[in-house]
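First the structure, in the form of structure tokens, and then the observations on it.
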Amino acid sequence: MDFLTTLQVLDSAIRLATPLLLACLAGLFSERAGILDIGLEGKMLAAAFFSAATASITGDVWLGLGAGIVASMALSLVHGLASITFRGNQLISGVAINFLAAGLTVLIAQAWFSQGGRTPSLIGTGRFEPLTLPGAEMLTGIPLVGPIYSELISGHSILVYVAFLMVPLTWWLLFRTRFGLRLRAVGEAPEAVDTAGVSVVGVRYVAVCICGILCGLAGAYLATALQAGFVKDMTAGRGFIALAALIFAKWRPWHALYACLLFGLLQAVALRYQNIDLGAFVVPVQFMDALPYILTVVILAGFVGKAIPPRAGGQPYVKES
Amino acid sequence: MTLMTKLCSAAATLALTAGAAVAEPALIYDLGGKFDKSFNEAAFNGAERWAEETGGSYRDIELQSEAQREQALRRFAEAGANPIVTTGFAIASILGDVAPDYPDTKFVNIDGFLQDIPENVQMISFQEHQGSYLVGMMAAMASETGTVGFIGGMDVPLIRHFGCGYAQGAKSVDPDTEVIANMTGTTPTAWNDPVKGSELARAQISQGADVIYAAAGGTGVGVLQTAADEDILSIGVDSNQNHLHPGKVLTSMLKRVDVAVYNAMEAGEDLETGSSTVLGLAENGVGVAMDENNEQLVSEEMMTAVEAARQEIIDGDLDVVSYYANDSCPAISF
């Protein structure tokens, strides 16, 4: 594999990892606060549709992004209402959101655009264009550093950079601020937070809303940056891979970045080399596709350190009277 | 005759006429969905054309999961729909099991294969490799790098059949033409993953491909989009997709699913069943799409070569090897 090919594969890995990373961080906020969220897929899908629909009607991708975030947050609030306020089963609520999004997006798309559950193709300002970072043109001539900068780092849509910036931001927010401490405490020992006079319900709602915003970014990235429009079921299971990445990362932001990059890289390699010939045997492409899930099962089985979820995850908080 | 029997016979007559009135055709789409801008949409267009021309009405259903296939078939059959047209290879084996239970209903399947065709089933297949051969020739002639790409949807023999014809066509122009072939996946989600389609297209472009043929349902939307973004040519499939990106889609390999559906509905209850029908170049079942969106892209020379090859295939002078013949392709390995 020569240098340029490596760069292209890594470039593709970054594009594929971005939606995973955003969704993974979204799940991280929610699950750290004790709200399991398997509705990431549905929220991304809803965001993808509403961002593409708004962008195609208004011709402004930023309005589209806003609409995507609003749609995703609305579903987040439904999840919050069901699992925080009404203390329902969080898994069931998440599954319901996935189905709701899968059906609603196609239905509304058909009603609005009559193109069979898809939006018209976005053109011009209706899409996030790749950004060329300052100096990228100039540096291309320099060996090694030049191509890495201009090919790999520059030339992505703005949401990619936002996604990568979210990692240190998440880390800082969770581990260096008072809010972060409370959020983590709510996921581990909500009764302690309640004793300290902080509203468990309030903190959990905030966490769920942050989750909605990040899923909104992920969905908008799929529909308005990677693609030029919405197609039914276009998330194609990425929300579930993000959940796998979250477990793989053991609910830690930096590790989430590594896990998503690894999963993105696995996909990129699988796309570039269908069957990898290792001389002695051939690795089929199906194995590469399944690898993220296999790795997650290995982690869950406790072979590579134990993955311990937040202790209060999945349990609605009932105030003692 | 007592009042009771009168009433009974009246009710029976009413029931019979009602039964006859609802004998409208039904159409079951495959998992790609009714509006995939491709295979299933072609079926829908055929049914719409029939409804418009005859003033008749038909029933249709979009499947959401594998498990619904049998359910949908039985529902339509029990509701008295006739004939029931199904699209996609995946439903064929289920059709083979279900059809004998409803001997008075006629079934049609497009794209599938059954070893023993039941009395009331007609299997329609297309010579996709012939049409793909022609677009393969055009791809190789339009390519400047000498490398052309093929992106399939789900990795099944049918899609390899497309790819095989394409590769043979490309290599017939210049034996040195390199054909890169990729499949999107091995599950039905592979028909609806435009993001993966885009990445595959980018990977092929970086390997030098400058014309890419997408036979991938909804995934193809992503392939065509990326090809247009990266300023290379793409080739659509099944329906005429030239209009999706005018001036960027070299042509589309037409598979006249619409004609097959139209004919089946037109024949209605007189449909000939118990056999298989093969539609190829000679029957205009497959072909190359030409319209105002791609006329700038297709040269005189290309048209002449394609027309000549088409005639040779019809006359039997040129044999395009089918992937099905021995489950392998002489021009490319998948």
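All residue names refer to the structure tokens as shown: chains lettered A, B, ... in order, residues numbered from 1 in each chain, ligands numbered from 1 in order.
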Open item on the list: With only C-alpha atoms considered, list every residue of chain A at most 10 Å from chain B, as an MDAnalysis selection string.
Closed with: chainID A and resid 4:5 8:9 12:13 15:16 110 114:118 120:121 222:223 226:237 267:275 285:286 289
TODO: Do a neighbour search on region 318-330 of chain B at 6 Å with only C-alpha atoms, toss out local chain neighbours closer than 3 positions, and write the hits as a list of chain:residue names.
DONE: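 Once the adjacent positions are removed, what remains is B:His161, B:Cys164, B:Glu312, B:Ile313.
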Shell of 9 Å around Asp174 (chain B), only C-alpha atoms, local chain residues under 4 positions omitted, as a PDB file with N, CA and C atoms, in the first residue's frame:
ATOM      1  N   ALA B 140     -16.011   2.038 -21.534  1.00  0.00           N
ATOM      2  CA  ALA B 140     -14.610   1.919 -21.935  1.00  0.00           C
ATOM      3  C   ALA B 140     -14.259   2.957 -22.992  1.00  0.00           C
ATOM      4  N   MET B 141     -15.214   3.267 -23.881  1.00  0.00           N
ATOM      5  CA  MET B 141     -14.930   4.259 -24.921  1.00  0.00           C
ATOM      6  C   MET B 141     -14.881   5.662 -24.338  1.00  0.00           C
ATOM      7  N   GLY B 146      -8.663   4.530 -18.921  1.00  0.00           N
ATOM      8  CA  GLY B 146      -8.607   3.102 -19.205  1.00  0.00           C
ATOM      9  C   GLY B 146      -9.045   2.266 -18.027  1.00  0.00           C
ATOM     10  N   ALA B 170     -16.648  -3.828 -21.583  1.00  0.00           N
ATOM     11  CA  ALA B 170     -15.522  -2.899 -21.447  1.00  0.00           C
ATOM     12  C   ALA B 170     -14.280  -3.489 -22.080  1.00  0.00           C
TER      13      ALA B 170
END
- [ ] Can you work out the spacing between CA of Phe162 (chain B) and CA of Gln241 (chain B) in Å, to one decimal?
- [x] 16.6 Å
